[in-house]
$ cat target.cif   # mmCIF, C-alpha atoms
data_model
loop_
_atom_site.label_atom_id
_atom_site.label_comp_id
_atom_site.auth_asym_id
_atom_site.auth_seq_id
_atom_site.Cartn_x
_atom_site.Cartn_y
_atom_site.Cartn_z
CA GLY A 1 -39.16 22.36 90.91
CA ASP A 2 -36.12 24.53 91.43
CA SER A 3 -34.89 24.60 95.00
CA VAL A 4 -31.95 24.88 97.36
CA THR A 5 -31.31 22.75 100.41
CA GLN A 6 -28.78 23.83 102.98
CA MET A 7 -27.66 22.33 106.24
CA GLU A 8 -29.70 23.23 109.23
CA GLY A 9 -28.19 25.12 112.09
CA PRO A 10 -27.44 26.54 114.36
CA VAL A 11 -23.72 26.05 114.00
CA THR A 12 -21.40 27.07 116.83
CA LEU A 13 -17.64 27.18 116.31
CA SER A 14 -14.64 28.41 118.21
CA GLU A 15 -12.60 31.23 116.72
CA GLU A 16 -10.08 30.01 114.10
CA ALA A 17 -12.01 26.79 113.45
CA PHE A 18 -12.73 25.54 109.91
CA LEU A 19 -16.22 26.22 108.57
CA THR A 20 -18.27 24.24 106.08
CA ILE A 21 -21.93 24.97 105.36
CA ASN A 22 -23.42 22.50 102.91
CA CYS A 23 -25.68 23.55 100.07
CA THR A 24 -27.19 21.41 97.33
CA TYR A 25 -29.56 22.45 94.61
CA THR A 26 -32.15 21.18 92.17
CA ALA A 27 -32.62 23.18 89.01
CA THR A 28 -33.76 22.93 85.44
CA GLY A 29 -31.26 24.43 83.08
CA TYR A 30 -28.00 26.03 84.21
CA PRO A 31 -28.37 28.13 87.32
CA SER A 32 -26.10 30.70 88.88
CA LEU A 33 -25.34 30.09 92.54
CA PHE A 34 -24.90 32.56 95.37
CA TRP A 35 -24.12 32.86 99.05
CA TYR A 36 -25.69 35.75 100.95
CA VAL A 37 -24.92 36.75 104.53
CA GLN A 38 -27.26 38.47 106.99
CA TYR A 39 -25.67 40.13 110.01
CA PRO A 40 -27.90 40.81 113.03
CA GLY A 41 -30.42 43.56 112.37
CA GLU A 42 -29.35 44.02 108.76
CA GLY A 43 -30.50 42.98 105.31
CA LEU A 44 -28.86 40.30 103.20
CA GLN A 45 -25.54 41.06 101.56
CA LEU A 46 -24.02 39.24 98.61
CA LEU A 47 -21.02 37.27 99.84
CA LEU A 48 -19.95 35.44 96.69
CA LYS A 49 -21.30 33.89 93.53
CA ALA A 50 -20.49 31.49 90.70
CA THR A 51 -22.20 31.49 87.35
CA LYS A 52 -21.06 28.22 85.75
CA ALA A 53 -19.82 24.77 86.64
CA ASP A 54 -16.36 24.55 88.23
CA ASP A 55 -16.29 28.29 88.97
CA LYS A 56 -15.07 29.23 92.42
CA GLY A 57 -16.53 32.26 94.14
CA SER A 58 -14.51 33.87 96.92
CA ASN A 59 -14.72 36.88 99.22
CA LYS A 60 -13.51 37.83 102.71
CA GLY A 61 -11.78 34.45 103.12
CA PHE A 62 -14.92 32.50 102.18
CA GLU A 63 -14.96 30.18 99.17
CA ALA A 64 -17.49 28.02 97.35
CA THR A 65 -17.08 25.91 94.21
CA TYR A 66 -19.93 25.22 91.79
CA ARG A 67 -19.98 21.40 91.44
CA LYS A 68 -22.38 20.30 88.74
CA GLU A 69 -21.68 16.60 89.22
CA THR A 70 -22.80 16.71 92.85
CA THR A 71 -25.19 19.70 92.42
CA SER A 72 -23.50 21.41 95.33
CA PHE A 73 -22.12 24.81 96.33
CA HIS A 74 -20.69 24.34 99.81
CA LEU A 75 -19.40 27.39 101.68
CA GLU A 76 -16.00 27.11 103.38
CA LYS A 77 -13.67 29.28 105.41
CA GLY A 78 -10.37 28.15 106.84
CA SER A 79 -10.39 30.21 110.02
CA VAL A 80 -13.55 31.86 111.28
CA GLN A 81 -13.68 35.01 113.38
CA VAL A 82 -16.22 36.28 115.88
CA SER A 83 -17.24 38.88 113.29
CA ASP A 84 -18.38 36.07 110.96
CA SER A 85 -21.33 35.33 113.25
CA ALA A 86 -24.37 35.73 111.02
CA VAL A 87 -27.00 33.82 109.06
CA TYR A 88 -25.81 32.44 105.71
CA PHE A 89 -28.17 31.82 102.80
CA CYS A 90 -27.48 29.75 99.73
CA ALA A 91 -29.47 30.77 96.65
CA LEU A 92 -29.81 29.99 92.99
CA SER A 93 -31.12 31.90 90.04
CA LEU A 94 -32.10 30.71 86.62
CA ASN A 95 -30.73 32.83 83.87
CA THR A 96 -34.16 33.04 82.29
CA GLY A 97 -35.96 34.17 85.44
CA ASN A 98 -36.35 37.17 87.68
CA GLN A 99 -35.96 35.66 91.07
CA PHE A 100 -33.77 33.85 93.51
CA TYR A 101 -34.61 30.57 95.16
CA PHE A 102 -33.23 30.82 98.69
CA GLY A 103 -32.33 28.13 101.15
CA THR A 104 -33.67 28.34 104.69
CA GLY A 105 -30.51 29.87 106.11
CA THR A 106 -27.84 28.57 108.49
CA SER A 107 -27.09 30.49 111.66
CA LEU A 108 -23.40 30.62 112.60
CA THR A 109 -22.11 31.71 115.98
CA VAL A 110 -18.36 32.01 116.53
CA ILE A 111 -17.20 32.12 120.14
CA PRO A 112 -13.86 33.54 121.29
CA ASN B 1 -25.01 55.71 103.15
CA ALA B 2 -26.32 54.72 99.76
CA GLY B 3 -28.60 51.74 99.68
CA VAL B 4 -32.14 50.55 100.25
CA THR B 5 -34.20 52.19 103.01
CA GLN B 6 -37.30 50.55 104.42
CA THR B 7 -39.88 52.05 106.77
CA PRO B 8 -41.13 51.25 109.31
CA LYS B 9 -38.69 48.84 110.97
CA PHE B 10 -41.34 47.33 113.24
CA GLN B 11 -45.14 47.26 113.10
CA VAL B 12 -47.94 45.53 114.95
CA LEU B 13 -51.33 45.34 113.24
CA LYS B 14 -54.68 43.96 114.22
CA THR B 15 -56.34 41.46 111.91
CA GLY B 16 -58.18 43.33 109.17
CA GLN B 17 -56.16 46.53 109.39
CA SER B 18 -54.33 47.88 106.37
CA MET B 19 -50.86 49.33 106.01
CA THR B 20 -48.22 50.20 103.46
CA LEU B 21 -44.58 49.28 103.71
CA GLN B 22 -42.29 51.82 102.12
CA CYS B 23 -39.06 51.18 100.24
CA ALA B 24 -36.69 53.62 98.55
CA GLN B 25 -33.32 53.15 96.86
CA ASP B 26 -30.80 55.79 95.86
CA MET B 27 -28.57 53.72 93.58
CA ASN B 28 -30.47 54.45 90.35
CA HIS B 29 -31.40 50.78 90.08
CA ASN B 30 -34.05 49.81 87.57
CA SER B 31 -35.48 46.74 89.32
CA MET B 32 -36.99 46.36 92.77
CA TYR B 33 -38.37 43.42 94.74
CA TRP B 34 -40.36 42.54 97.83
CA TYR B 35 -39.57 39.36 99.76
CA ARG B 36 -40.90 37.84 102.94
CA GLN B 37 -38.76 35.81 105.32
CA ASP B 38 -40.35 33.15 107.48
CA PRO B 39 -38.66 30.75 109.90
CA GLY B 40 -37.60 27.54 108.17
CA MET B 41 -38.67 28.77 104.74
CA GLY B 42 -35.98 31.13 103.51
CA LEU B 43 -37.00 34.18 101.50
CA ARG B 44 -39.92 34.09 99.10
CA LEU B 45 -40.65 36.62 96.39
CA ILE B 46 -43.94 38.49 96.75
CA TYR B 47 -43.84 40.99 93.87
CA TYR B 48 -41.21 42.60 91.73
CA SER B 49 -40.85 45.53 89.39
CA ALA B 50 -38.45 44.96 86.53
CA SER B 51 -38.50 48.64 85.61
CA GLU B 52 -40.39 51.82 86.41
CA GLY B 53 -44.02 51.44 85.41
CA THR B 54 -44.12 47.62 85.55
CA THR B 55 -44.97 45.16 88.32
CA ASP B 56 -45.32 41.38 88.34
CA LYS B 57 -46.33 38.69 90.77
CA GLY B 58 -43.78 36.49 92.44
CA GLU B 59 -44.18 33.25 94.31
CA VAL B 60 -46.55 34.40 97.09
CA PRO B 61 -48.55 37.49 95.92
CA ASN B 62 -51.93 36.75 97.51
CA GLY B 63 -53.04 39.37 100.03
CA TYR B 64 -50.62 42.02 98.78
CA ASN B 65 -50.53 44.86 96.29
CA VAL B 66 -47.60 46.95 95.12
CA SER B 67 -46.96 50.33 93.56
CA ARG B 68 -43.83 51.43 91.73
CA LEU B 69 -44.28 55.11 92.48
CA ASN B 70 -41.19 56.21 90.56
CA LYS B 71 -37.75 54.82 89.87
CA ARG B 72 -36.70 55.18 93.51
CA GLU B 73 -39.76 53.94 95.40
CA PHE B 74 -41.60 50.62 95.54
CA SER B 75 -44.32 50.17 98.17
CA LEU B 76 -46.06 47.04 99.43
CA ARG B 77 -49.65 47.26 100.69
CA LEU B 78 -51.58 44.89 102.89
CA GLU B 79 -55.26 45.73 102.43
CA SER B 80 -56.63 43.48 105.18
CA ALA B 81 -53.89 42.01 107.32
CA ALA B 82 -54.07 38.39 108.44
CA PRO B 83 -51.99 36.54 111.07
CA SER B 84 -50.45 34.49 108.24
CA GLN B 85 -48.80 37.70 107.05
CA THR B 86 -46.72 37.93 110.20
CA SER B 87 -43.22 37.92 108.80
CA VAL B 88 -40.10 39.93 108.14
CA TYR B 89 -40.36 41.83 104.85
CA PHE B 90 -37.33 42.75 102.78
CA CYS B 91 -37.13 45.12 99.89
CA ALA B 92 -34.29 44.73 97.40
CA SER B 93 -33.07 46.39 94.23
CA SER B 94 -30.79 45.52 91.33
CA PRO B 95 -29.35 47.44 88.39
CA THR B 96 -31.18 45.32 85.83
CA PRO B 97 -33.90 42.66 86.02
CA GLY B 98 -32.74 39.31 87.34
CA PRO B 99 -30.45 38.23 90.13
CA ASN B 100 -27.17 37.76 88.32
CA TYR B 101 -25.79 41.19 89.20
CA GLY B 102 -26.69 40.68 92.83
CA TYR B 103 -29.34 42.38 94.86
CA THR B 104 -29.01 45.11 97.49
CA PHE B 105 -31.35 44.46 100.38
CA GLY B 106 -32.86 46.79 102.93
CA SER B 107 -32.68 46.01 106.63
CA GLY B 108 -36.24 44.72 106.79
CA THR B 109 -39.62 45.43 108.36
CA ARG B 110 -40.74 43.09 111.13
CA LEU B 111 -44.54 42.86 110.95
CA THR B 112 -46.74 41.15 113.52
CA VAL B 113 -50.45 40.68 112.88
CA VAL B 114 -52.48 39.83 115.98
#
$ encode --input "target.cif" --output "structure tokens"
Amino acid sequence: GDSVTQMEGPVTLSEEAFLTINCTYTATGYPSLFWYVQYPGEGLQLLLKATKADDKGSNKGFEATYRKETTSFHLEKGSVQVSDSAVYFCALSLNTGNQFYFGTGTSLTVIP
Amino acid sequence: NAGVTQTPKFQVLKTGQSMTLQCAQDMNHNSMYWYRQDPGMGLRLIYYSASEGTTDKGEVPNGYNVSRLNKREFSLRLESAAPSQTSVYFCASSPTPGPNYGYTFGSGTRLTVV
């Protein structure tokens, strides 16, 4: 079935370090791919998305490229800040459906 | 601030009790959703409402009922709570059915059933 697998956390980085959170997917058809972020005590917020192969989504210094050949959508940021501490969710949607398929989430803590 | 408002934020129930989780959005969105979030399992769709007057089952609907009261409000009811329903519940909305325009999520209701 359709699913998303993302790297398990927690991840702890020092401020200004490089971040990669891996995400791979299994899907029938041609999904759209998303990264959501959940800050402590809040709901999920859309961080970025890509709707077709080779698209790059970007926002707030984060980037992810939709790689059909490796069925991946890895999240990257060149220099993390303490304010980036949150839980990050990879998700896919099928264009014919009404729902997301979410990964299990990766907790990121950035220390000064 | 505009967005999705959920009440209550926390609730403890005894097994067999009933309760309704409330959700309201003020963005004039057509579609609304209820998810549950469990450790190690991500978010799973319980029910959704593509538009006012319609509701459909998601991935894990058993033990729940929903009501789309009007365009703004979408409630989730547990008729007889069970410990397996201990979870964090999120309501979300979107302008049109389907995820491709992105969802706006509420801040969640943490429910414990003892």
$ residues_around --input "target.cif" --residues "stretch 79-92 of chain B" --least-positions-apart "3" --cutoff "10 Å" --atoms "only C-alpha atoms" --output "JSON, numbers by chain"
{"A": [43, 44], "B": [3, 4, 5, 6, 9, 10, 11, 12, 13, 14, 15, 16, 17, 18, 19, 20, 21, 22, 23, 24, 25, 29, 31, 32, 33, 34, 35, 36, 37, 38, 39, 43, 44, 45, 46, 47, 48, 63, 64, 65, 74, 75, 76, 102, 103, 104, 105, 106, 107, 108, 109, 110, 111, 112, 113, 114]}
$ residues_around --input "target.cif" --residues "stretch 86-96 of chain A" --least-positions-apart "2" --cutoff "7 Å" --atoms "all atoms listed in the file" --output "compact mmCIF listing (two decimals) with C-alpha atoms, in the frame of the given file"
# COMPACT_ATOMS: atom_id res chain seq x y z
CA VAL A 4 -31.95 24.88 97.36
CA GLN A 6 -28.78 23.83 102.98
CA CYS A 23 -25.68 23.55 100.07
CA TYR A 30 -28.00 26.03 84.21
CA PRO A 31 -28.37 28.13 87.32
CA SER A 32 -26.10 30.70 88.88
CA LEU A 33 -25.34 30.09 92.54
CA PHE A 34 -24.90 32.56 95.37
CA TRP A 35 -24.12 32.86 99.05
CA TYR A 36 -25.69 35.75 100.95
CA VAL A 37 -24.92 36.75 104.53
CA GLN A 38 -27.26 38.47 106.99
CA TYR A 39 -25.67 40.13 110.01
CA PRO A 40 -27.90 40.81 113.03
CA ASP A 84 -18.38 36.07 110.96
CA GLN A 99 -35.96 35.66 91.07
CA PHE A 100 -33.77 33.85 93.51
CA TYR A 101 -34.61 30.57 95.16
CA PHE A 102 -33.23 30.82 98.69
CA GLY A 103 -32.33 28.13 101.15
CA THR A 104 -33.67 28.34 104.69
CA GLY A 105 -30.51 29.87 106.11
CA THR A 106 -27.84 28.57 108.49
CA SER A 107 -27.09 30.49 111.66
CA LEU A 108 -23.40 30.62 112.60
CA THR A 109 -22.11 31.71 115.98
CA PRO B 99 -30.45 38.23 90.13
$ residues_around --input "target.cif" --residues "A:Leu19" --least-positions-apart "4" --cutoff "7 Å" --atoms "only C-alpha atoms" --output "ChimeraX atom specification"
/A:76-78,80
$ closest_residue --input "target.cif" --among "B:Thr7, B:Ser49, B:Asn70, B:Lys57" --to "B:Asp26" --atoms "only C-alpha atoms"
B:Asn70
$ atom_distance --input "target.cif" --atom1 "atom CA of A:Tyr66" --atom2 "atom CA of A:Ala50"
6.4 Å
$ closest_residue --input "target.cif" --among "A:Leu48, A:Ala17, A:Ala27, A:Val82" --to "chain B" --atoms "all atoms listed in the file"
A:Leu48
$ resolve_selection --input "target.cif" --expression "the PyMOL selection byres ((chain A and resi 64) around 8)" --output "list in words"
Leu48, Lys49, Lys56, Gly57, Ser58, Phe62, Glu63, Thr65, Tyr66, Phe73, His74, Leu75 and Glu76 of chain A
$ residues_around --input "target.cif" --residues "B:Glu52" --least-positions-apart "2" --cutoff "9 Å" --atoms "only C-alpha atoms" --output "ChimeraX atom specification"
/B:30-31,49-50,54-55,68-72
$ atom_distance --input "target.cif" --atom1 "atom CA of B:Val60" --atom2 "atom CA of A:Gly9"
25.5 Å
$ atom_distance --input "target.cif" --atom1 "atom CA of B:Thr96" --atom2 "atom CA of A:Lys60"
25.6 Å
$ closest_residue --input "target.cif" --among "B:Gly58, B:Gly98, B:Pro8, B:Gly53" --to "chain A" --atoms "only C-alpha atoms"
B:Gly98
$ residues_around --input "target.cif" --residues "A:Thr71" --least-positions-apart "2" --cutoff "8 Å" --atoms "all atoms listed in the file" --output "ChimeraX atom specification"
/A:24-26,66-69,73
$ axis_aligned_box --input "target.cif" --around "stretch 85-92 of chain B" --padding-each-side "6 Å" --output "AutoDock Vina command-line options"
--center_x -41.5 --center_y 41.4 --center_z 103.8 --size_x 26.5 --size_y 19.4 --size_z 24.8
$ closest_residue --input "target.cif" --among "A:Asn59, A:Thr5, A:Thr20, A:Ser85" --to "chain B" --atoms "all atoms listed in the file"
A:Thr5
